[in-house]
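Here is input_35.cif, consisting of mmCIF, C-alpha atoms:
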```
data_start
#
loop_
_atom_site.label_atom_id
_atom_site.label_comp_id
_atom_site.auth_asym_id
_atom_site.auth_seq_id
_atom_site.Cartn_x
_atom_site.Cartn_y
_atom_site.Cartn_z
CA GLU L 289 139.09 -130.43 -80.47
CA LYS L 290 141.20 -128.44 -82.96
CA GLN L 291 144.84 -128.03 -82.02
CA TYR L 292 146.80 -124.82 -82.65
CA PRO L 293 150.58 -124.60 -82.86
CA LEU L 294 152.27 -123.19 -79.81
CA THR L 295 153.21 -119.54 -80.35
CA LEU L 296 154.71 -116.95 -78.06
CA PRO L 297 152.58 -113.90 -77.34
CA PRO L 298 153.78 -110.64 -78.83
CA PRO L 299 155.84 -108.37 -76.55
CA SER L 300 153.54 -106.49 -74.22
CA ARG L 301 153.14 -102.81 -74.94
CA LYS L 302 151.43 -100.22 -72.87
CA GLN L 303 148.51 -99.06 -74.97
CA LEU L 304 147.43 -95.46 -74.74
CA SER L 305 143.78 -94.68 -74.73
CA MET L 306 142.49 -92.97 -77.86
CA PRO L 307 142.29 -89.51 -76.26
CA ARG L 308 145.84 -89.77 -74.92
CA ARG L 309 147.12 -91.14 -78.23
CA ALA L 310 145.51 -88.29 -80.12
CA PHE L 311 146.97 -85.77 -77.68
CA ALA L 312 150.46 -87.30 -78.09
CA TRP L 313 150.26 -87.03 -81.89
CA VAL L 314 148.99 -83.46 -81.77
CA TYR L 315 151.63 -82.46 -79.23
CA GLY L 316 154.39 -84.08 -81.29
CA TYR L 317 153.35 -82.44 -84.54
CA VAL L 318 152.86 -79.02 -82.95
CA SER L 319 156.23 -79.18 -81.15
CA LEU L 320 158.01 -80.28 -84.33
CA GLY L 321 156.19 -77.62 -86.31
CA LEU L 322 157.14 -74.87 -83.86
CA TYR L 323 160.75 -76.05 -83.83
CA ARG L 324 160.91 -76.04 -87.62
CA CYS L 325 159.28 -72.61 -87.70
CA LEU L 326 161.90 -71.35 -85.26
CA ASN L 327 164.59 -72.84 -87.51
CA VAL L 328 163.14 -70.91 -90.43
CA VAL L 329 163.05 -67.73 -88.35
CA VAL L 330 166.70 -68.19 -87.32
CA MET L 331 167.78 -68.99 -90.88
CA GLY L 332 165.80 -66.05 -92.23
CA PHE L 333 167.31 -63.75 -89.63
CA LEU L 334 170.86 -64.87 -90.45
CA THR L 335 170.30 -64.67 -94.19
CA SER L 336 168.58 -61.28 -94.04
CA LEU L 337 171.63 -59.87 -92.23
CA GLU L 338 174.37 -61.70 -94.06
CA PHE L 339 173.27 -61.59 -97.69
CA PRO L 340 173.35 -57.75 -97.85
CA LEU L 341 176.77 -57.87 -96.15
CA LEU L 342 177.88 -60.34 -98.79
CA LEU L 343 176.76 -58.02 -101.57
CA THR L 344 178.55 -55.14 -99.85
CA THR L 345 181.86 -57.02 -99.78
CA LEU L 346 181.43 -58.08 -103.44
CA GLY L 347 182.99 -61.41 -102.47
CA ARG L 348 186.42 -59.93 -101.77
CA GLU L 349 188.42 -60.22 -98.54
CA THR L 350 189.69 -57.03 -96.92
CA THR L 351 193.24 -56.80 -95.59
CA ILE L 352 195.09 -56.13 -92.36
CA PRO L 353 197.65 -53.42 -93.25
CA GLY L 354 201.40 -53.77 -92.81
CA LEU L 355 201.62 -57.50 -93.59
CA PRO L 356 202.93 -59.33 -96.68
CA PRO L 357 200.26 -59.54 -99.41
CA ALA L 358 198.74 -62.89 -100.30
CA SER L 359 200.26 -62.57 -103.76
CA SER L 360 203.76 -62.79 -102.27
CA MET L 361 203.47 -66.60 -102.23
CA LYS L 362 203.15 -66.66 -106.04
CA SER L 363 206.28 -64.55 -106.47
CA GLY L 364 208.46 -66.87 -104.40
CA GLY L 365 207.91 -65.20 -101.06
CA LYS L 366 208.65 -67.03 -97.83
CA GLY L 367 205.75 -68.81 -96.20
CA GLY L 368 205.10 -69.63 -92.55
CA GLN L 369 206.29 -66.36 -91.03
CA ARG L 370 205.18 -65.46 -87.50
CA PHE L 371 203.85 -61.97 -86.83
CA LYS L 372 204.02 -60.33 -83.42
CA ILE L 373 200.67 -59.63 -81.80
CA ALA L 374 200.20 -56.32 -79.98
CA GLU L 375 200.07 -56.54 -76.16
CA LEU L 376 198.38 -53.56 -74.49
CA GLU L 377 198.21 -52.56 -70.83
CA ALA L 378 194.64 -51.88 -69.72
CA SER L 379 195.71 -48.89 -67.61
CA GLU L 380 197.31 -47.19 -70.63
CA LEU L 381 194.44 -47.53 -73.10
CA GLU L 382 192.92 -44.55 -74.86
CA PRO L 383 189.25 -44.73 -75.93
CA SER L 384 190.31 -44.83 -79.60
CA THR L 385 193.07 -47.47 -79.30
CA LEU L 386 191.05 -50.68 -79.39
CA ARG L 387 188.58 -49.24 -81.91
CA GLY L 388 191.47 -48.93 -84.36
CA TYR L 389 192.40 -52.60 -83.94
CA VAL L 390 188.77 -53.62 -84.40
CA ARG L 391 188.41 -51.49 -87.52
CA ARG L 392 191.46 -53.18 -89.07
CA SER L 393 190.50 -56.72 -87.90
CA GLU L 394 193.94 -56.80 -86.26
CA PRO L 395 194.11 -59.03 -83.16
CA CYS L 396 195.50 -57.73 -79.86
CA ILE L 397 195.86 -58.79 -76.23
CA VAL L 398 194.78 -56.58 -73.31
CA LYS L 399 196.56 -57.33 -70.04
CA ASN L 400 195.96 -56.53 -66.37
CA CYS L 401 192.32 -55.46 -66.45
CA PRO L 402 190.89 -54.86 -62.95
CA PRO L 403 189.56 -58.20 -61.60
CA ALA L 404 186.39 -56.46 -60.36
CA MET L 405 185.44 -55.84 -63.99
CA PHE L 406 184.67 -59.54 -64.40
CA ALA L 407 182.51 -59.94 -61.27
CA ASP L 408 179.25 -60.23 -63.23
CA LEU L 409 180.53 -63.30 -65.07
CA GLN L 410 179.81 -65.31 -61.92
CA LYS L 411 176.12 -65.18 -62.86
CA TYR L 412 176.99 -67.07 -66.04
CA SER L 413 179.02 -69.85 -64.41
CA PRO L 414 176.54 -72.67 -63.72
CA GLU L 415 177.74 -75.82 -62.00
CA ILE L 416 178.93 -78.47 -64.45
CA PRO L 417 176.70 -81.60 -64.37
CA ALA L 418 178.29 -84.54 -62.55
CA ASP L 419 177.75 -86.83 -65.56
CA ALA L 420 179.30 -84.42 -68.08
CA PRO L 421 181.99 -86.09 -70.24
CA LYS L 422 185.53 -85.35 -69.08
CA ASP L 423 187.19 -85.23 -72.50
CA LYS L 424 184.80 -82.91 -74.37
CA LEU L 425 184.35 -79.18 -74.80
CA LEU L 426 181.59 -78.11 -72.39
CA ILE L 427 179.59 -75.04 -73.44
CA ASP L 428 177.17 -72.81 -71.55
CA GLN L 429 175.57 -70.12 -73.73
CA PHE L 430 173.60 -66.99 -72.85
CA SER L 431 171.95 -64.42 -75.11
CA LEU L 432 172.00 -60.69 -74.30
CA PRO L 433 173.86 -61.06 -70.96
CA ARG L 434 173.84 -58.25 -68.41
CA LEU L 435 177.49 -57.59 -67.60
CA GLY L 436 177.45 -54.35 -65.64
CA SER L 437 180.89 -52.71 -65.40
CA MET L 438 182.31 -54.96 -68.11
CA GLN L 439 179.72 -53.78 -70.61
CA GLU L 440 180.46 -50.17 -69.63
CA TRP L 441 184.19 -50.81 -70.23
CA LEU L 442 183.46 -52.41 -73.60
CA PHE L 443 181.27 -49.56 -74.74
CA LYS L 444 183.88 -47.00 -73.66
CA TYR L 445 186.92 -48.63 -75.28
CA VAL L 446 185.43 -50.72 -78.10
CA GLY L 447 182.13 -48.98 -78.77
CA LYS L 448 180.18 -52.24 -78.98
CA ARG L 449 177.72 -54.27 -76.93
CA VAL L 450 177.70 -57.99 -76.13
CA LEU L 451 175.25 -59.97 -78.24
CA TYR L 452 175.82 -63.31 -76.52
CA LEU L 453 178.23 -65.02 -74.17
CA ALA L 454 179.53 -68.57 -73.93
CA ARG L 455 181.62 -70.25 -71.25
CA PHE L 456 184.04 -72.95 -72.47
CA SER L 457 185.44 -75.55 -70.09
CA GLY L 458 186.21 -79.27 -70.02
CA GLY L 459 189.08 -81.62 -70.80
CA TYR L 460 189.26 -81.09 -74.57
CA LYS L 461 192.69 -80.64 -76.18
CA GLY L 462 191.95 -78.10 -78.91
CA GLY L 463 190.00 -77.62 -82.10
CA TYR L 464 190.16 -77.21 -85.86
CA ALA L 465 191.32 -73.93 -87.35
CA HIS L 466 188.11 -72.19 -88.34
CA ILE L 467 186.14 -68.99 -88.94
CA ASP L 468 182.94 -68.65 -86.93
CA SER L 469 179.48 -68.22 -88.42
CA PHE L 470 177.45 -65.07 -87.93
CA PRO L 471 179.04 -61.60 -87.92
CA SER L 472 180.56 -60.78 -84.53
CA TYR L 473 183.81 -59.69 -82.85
CA ASN L 474 185.32 -61.84 -80.11
CA PHE L 475 186.15 -60.50 -76.65
CA TYR L 476 187.88 -63.61 -75.30
CA TYR L 477 188.61 -63.64 -71.57
CA VAL L 478 190.80 -66.38 -70.03
CA LYS L 479 189.59 -66.98 -66.47
CA ARG L 480 191.66 -70.12 -65.87
CA GLY L 481 194.37 -71.98 -67.76
CA ARG L 482 196.65 -71.21 -70.69
CA LYS L 483 196.26 -71.57 -74.46
CA HIS L 484 198.43 -71.64 -77.55
CA VAL L 485 196.81 -69.62 -80.33
CA TYR L 486 197.14 -69.22 -84.10
CA ILE L 487 195.31 -66.40 -85.91
CA VAL L 488 195.56 -66.03 -89.68
CA PRO L 489 195.27 -62.52 -91.18
CA ARG L 490 192.05 -62.45 -93.16
CA GLN L 491 193.68 -61.59 -96.51
CA TYR L 492 195.16 -65.12 -96.57
CA ASN L 493 191.79 -66.90 -96.38
CA PRO L 494 191.59 -67.47 -100.17
CA LEU L 495 194.92 -69.33 -100.10
CA LEU L 496 193.54 -72.14 -97.92
CA LYS L 497 191.11 -74.99 -98.53
CA LEU L 498 188.09 -74.13 -96.38
CA VAL L 499 185.31 -76.62 -95.67
CA GLY L 500 181.77 -75.53 -94.81
CA GLY L 501 180.41 -76.68 -91.44
CA TYR L 502 177.16 -76.13 -89.58
CA ASP L 503 178.45 -73.21 -87.50
CA SER L 504 181.83 -72.38 -89.09
CA VAL L 505 184.12 -72.89 -92.05
CA PHE L 506 187.20 -75.02 -91.31
CA VAL L 507 190.67 -75.51 -92.73
CA GLY L 508 190.26 -78.85 -94.48
CA ASP L 509 193.90 -79.87 -94.00
CA ASP L 510 193.88 -79.28 -90.23
CA LYS L 511 193.21 -81.59 -87.26
CA ALA L 512 191.79 -80.87 -83.80
CA ASP L 513 195.31 -81.08 -82.31
CA ASP L 514 198.80 -79.94 -83.41
CA SER L 515 199.52 -82.96 -85.62
CA SER L 516 198.70 -81.33 -88.95
CA LEU L 517 199.94 -77.74 -89.07
CA GLY L 518 201.66 -77.94 -92.44
CA TRP L 519 199.00 -75.69 -93.97
CA LEU L 520 200.56 -72.77 -92.06
CA GLU L 521 203.56 -72.99 -94.40
CA THR L 522 201.34 -72.41 -97.46
CA ILE L 523 200.46 -68.85 -96.42
CA PRO L 524 202.78 -65.87 -95.87
CA GLY L 525 202.36 -66.07 -92.10
CA CYS L 526 200.15 -65.92 -89.02
CA TYR L 527 200.05 -64.61 -85.46
CA GLU L 528 201.28 -67.29 -83.03
CA PHE L 529 201.23 -66.60 -79.28
CA GLU L 530 199.95 -67.71 -75.87
CA VAL L 531 197.27 -66.27 -73.61
CA GLY L 532 196.93 -67.00 -69.91
CA GLU L 533 194.85 -66.26 -66.85
CA GLY L 534 193.48 -62.72 -66.82
CA ASP L 535 194.30 -61.99 -70.48
CA ILE L 536 191.77 -60.62 -72.95
CA LEU L 537 192.17 -61.51 -76.62
CA LEU L 538 190.28 -59.25 -79.00
CA PHE L 539 189.99 -60.53 -82.59
CA ASN L 540 187.60 -60.83 -85.54
CA ASN L 541 186.39 -64.40 -85.18
CA SER L 542 184.04 -64.14 -88.16
CA ALA L 543 186.80 -63.03 -90.58
CA CYS L 544 190.12 -64.49 -89.35
CA ILE L 545 190.95 -68.20 -89.19
CA HIS L 546 191.83 -69.08 -85.61
CA LYS L 547 192.95 -72.17 -83.75
CA PHE L 548 193.30 -72.77 -79.99
CA LEU L 549 195.26 -75.53 -78.25
CA ASN L 550 195.05 -76.04 -74.49
CA LEU L 551 198.32 -76.01 -72.57
CA THR L 552 196.68 -76.77 -69.21
CA GLN L 553 193.98 -79.15 -68.01
CA ASN L 554 190.36 -77.99 -67.84
CA PRO L 555 190.68 -74.32 -68.77
CA GLU L 556 187.79 -71.93 -68.32
CA ILE L 557 187.23 -69.06 -70.72
CA PHE L 558 184.41 -66.67 -71.55
CA THR L 559 183.92 -65.72 -75.17
CA MET L 560 181.75 -62.62 -75.54
CA ARG L 561 180.57 -61.96 -79.08
CA LEU L 562 180.21 -58.26 -79.80
CA VAL L 563 177.80 -56.77 -82.32
CA HIS L 564 179.83 -56.38 -85.53
CA SER L 565 179.12 -56.44 -89.26
CA ASP L 566 182.54 -57.00 -90.87
CA SER L 567 182.80 -60.70 -91.74
CA SER L 568 184.60 -62.84 -94.28
CA PRO L 569 182.64 -63.40 -97.53
CA THR L 570 183.58 -67.08 -97.20
CA THR L 571 181.67 -67.62 -93.97
CA LEU L 572 178.79 -65.42 -95.15
CA TRP L 573 178.31 -67.65 -98.19
CA ASN L 574 178.39 -70.71 -95.95
CA ASP L 575 175.75 -69.26 -93.62
CA CYS L 576 173.23 -68.24 -96.28
CA LEU L 577 170.39 -70.81 -96.39
CA ASN L 578 172.41 -73.18 -94.18
CA TRP L 579 169.62 -75.37 -92.75
CA GLU L 580 171.93 -77.38 -90.47
CA GLY L 581 173.31 -74.15 -89.06
CA ALA L 582 169.81 -72.88 -88.37
CA LYS L 583 168.94 -76.09 -86.51
CA TYR L 584 172.14 -75.86 -84.46
CA PHE L 585 171.62 -72.23 -83.44
CA THR L 586 167.95 -72.91 -82.66
CA GLY L 587 169.01 -75.84 -80.49
CA ILE L 588 171.47 -73.86 -78.38
CA MET L 589 168.97 -70.99 -78.05
CA THR L 590 166.28 -73.30 -76.68
CA MET L 591 168.43 -75.84 -74.79
CA GLY L 592 169.16 -73.99 -71.58
CA LYS L 593 171.65 -76.65 -70.48
CA THR L 594 175.35 -77.35 -70.59
CA SER L 595 176.21 -78.93 -73.94
CA ALA L 596 179.14 -81.19 -74.81
CA ARG L 597 180.92 -81.01 -78.13
CA ASP L 598 183.54 -83.22 -79.73
CA THR L 599 186.02 -80.71 -81.15
CA ALA L 600 187.36 -83.38 -83.54
CA SER L 601 184.03 -83.26 -85.41
CA ILE L 602 183.01 -80.46 -87.75
CA GLU L 603 179.59 -81.84 -88.63
CA GLY L 604 177.90 -83.23 -85.51
CA GLU L 605 175.56 -81.26 -83.29
CA ALA L 606 176.21 -80.53 -79.62
CA PRO L 607 173.92 -82.66 -77.42
CA ALA L 608 172.68 -81.69 -73.98
CA VAL L 609 174.25 -83.48 -71.01
#
```
What is this structure when it is put down as structure tokens?
Amino acid sequence: EKQYPLTLPPPSRKQLSMPRRAFAWVYGYVSLGLYRCLNVVVMGFLTSLEFPLLLTTLGRETTIPGLPPASSMKSGGKGGQRFKIAELEASELEPSTLRGYVRRSEPCIVKNCPPAMFADLQKYSPEIPADAPKDKLLIDQFSLPRLGSMQEWLFKYVGKRVLYLARFSGGYKGGYAHIDSFPSYNFYYVKRGRKHVYIVPRQYNPLLKLVGGYDSVFVGDDKADDSSLGWLETIPGCYEFEVGEGDILLFNNSACIHKFLNLTQNPEIFTMRLVHSDSSPTTLWNDCLNWEGAKYFTGIMTMGKTSARDTASIEGEAPAV
């Protein structure tokens, strides 16, 4: 009788029947195809909006009036100045006041808004998953939110509507200085905690080394904490201030470099992006035909879950948790 060498059997695998295998392949290809098509739609939508805006700006950055010009650094001007941000009482606002700040891309803080104005945000405060990482930025995002009295207030005093809303929470320390992708204006409400903030007037953008990311452009010499702020001395100045519970910060997040550092544990803020068309040419160029950006925005549109993001990374995508 012929002898065969002793061999171990191959690892057992659960074999699918031919119909199920065919269905799995078809399902996989169709799902991937639909996802890629959605990416193309998102990228086409962004590009169709942003390329005409880019042509309109002719690649030049507009200016916030009343501040030292960027050229002052070449003529021996002092760098690293700190500009005072306007603080406005909600009860004293005129309908035209905030519109002027928005038109100039000049940041401002609105204080002492009626708490009842924020009641509808409770609908956009899902419970954080128990297994969510404790040291990451946790993000919940919602498109076209229904905000009731808050939207009425925004339309009266700012003249704009909310395109999408995100809630930020978690134990992260801060983030890189950056300009956000996609034209919008930020209505930034601090529900809990306190933050240290830097906002760079948009006319100083060309003086800094900016790195393209998947959803922003970043200051290449910065870090996600306060350990590398020397780049602030290479520009004429910036707004430096703190915001706390109940404050609203209104600023052009798609034109002005901004950086946030947490001063308290586990803050909770709501960033509401308003429909706006005035963006920095730098971020518009980065967005045009940015495939990674399209995949990221498609992912957060279709995820429907809390996502966790490492704010020390400018390239990775935000996974679901």
_Neighbour list for Phe406 of chain L as an MDAnalysis selection string, cut-off 9 Å, all atoms listed in the file, skip fewer than 5 positions in-chain_ = chainID L and resid 401 435:438
*Counting only C-alpha atoms, note down every residue that has an atom within 9 Å of the point (191.6, -62.0, -63.4) (file coordinates), as a PyMOL selection string.*
chain L and resi 400-406+477-480+533-535
Write the residues you've just listed into a file as a PDB file, keeping the file's coordinate frame, and include C-alpha atoms for each of them.
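Listing of again09.pdb after writing:
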```pdb
ATOM      1  CA  ASN L 400     195.960 -56.530 -66.370  1.00  0.00           C
ATOM      2  CA  CYS L 401     192.320 -55.460 -66.450  1.00  0.00           C
ATOM      3  CA  PRO L 402     190.890 -54.860 -62.950  1.00  0.00           C
ATOM      4  CA  PRO L 403     189.560 -58.200 -61.600  1.00  0.00           C
ATOM      5  CA  ALA L 404     186.390 -56.460 -60.360  1.00  0.00           C
ATOM      6  CA  MET L 405     185.440 -55.840 -63.990  1.00  0.00           C
ATOM      7  CA  PHE L 406     184.670 -59.540 -64.400  1.00  0.00           C
ATOM      8  CA  TYR L 477     188.610 -63.640 -71.570  1.00  0.00           C
ATOM      9  CA  VAL L 478     190.800 -66.380 -70.030  1.00  0.00           C
ATOM     10  CA  LYS L 479     189.590 -66.980 -66.470  1.00  0.00           C
ATOM     11  CA  ARG L 480     191.660 -70.120 -65.870  1.00  0.00           C
ATOM     12  CA  GLU L 533     194.850 -66.260 -66.850  1.00  0.00           C
ATOM     13  CA  GLY L 534     193.480 -62.720 -66.820  1.00  0.00           C
ATOM     14  CA  ASP L 535     194.300 -61.990 -70.480  1.00  0.00           C
TER      15      ASP L 535
END
```
*Run the PyMOL selection byres ((chain L and resi 494) around 12) mentally over the shown coordinates, then write out the matched residues as a list in words, using the chain letters and numbers from the document.*
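Written out, the selection comes to Gly347, Arg348, Glu349, Thr350, Thr351, Pro357, Ala358, Ser359, Val488, Pro489, Arg490, Gln491, Tyr492, Asn493, Leu495, Leu496, Lys497, Leu498, Val499, Val507, Thr522, Ile523, Ala543, Cys544, Ile545, Ser568, Pro569, Thr570 and Thr571 of chain L.
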_Selection result for the PyMOL selection byres ((chain L and resi 451) around 10) on this file, as a PyMOL selection string_ = chain L and resi 430-433+448-450+452-453+472-473+560-564
*Out of L:Ala374, L:Val446, L:Leu551, L:Leu355, which residue has the shortest atom-to-atom distance to Gly388 of chain L when counting all atoms listed in the file?*
L:Val446
*Just give me the gap between atom CA of Glu394 of chain L and atom CA of Leu442 of chain L in Å, one decimal is fine.*
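Atom-to-atom, atom CA of Glu394 of chain L to atom CA of Leu442 of chain L, that is 17.0 Å.
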*Counting all atoms listed in the file, the residue of L:Gln429, L:Gln369, L:Ser504, L:Ser413 that sits nearest Asn574 of chain L*: L:Ser504
_To test your reading of the syntax: which residues would the PyMOL selection byres ((chain L and resi 482) around 6) return for the file shown? Reply as a ChimeraX atom specification._
/L:481,483,531-532,551-552
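Here atom CA of Thr559 of chain L and atom CA of Ala407 of chain L stand 15.1 Å from one another.
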*asked:* Around (204.9, -57.7, -78.0), as given in the file, which residues come within 10 Å? Count all atoms listed in the file and list them as a list in words.
replied: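 The residues near that point, listed by chain and number, are Phe371, Lys372, Ile373, Ala374, Glu375, Leu376, Cys396, Ile397 and Phe529 of chain L.
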*Option closest in space to Leu517 of chain L, from L:Leu538, L:Ala454, L:Ala465, L:Val505 [counting only C-alpha atoms]*: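 Under the stated criterion, the closest residue is L:Ala465.
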*One decimal, Å: what's the distance from atom CA of Pro421 of chain L over to atom CA of Ala596 of chain L, could you say?*
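These atoms are spaced 7.3 Å apart.
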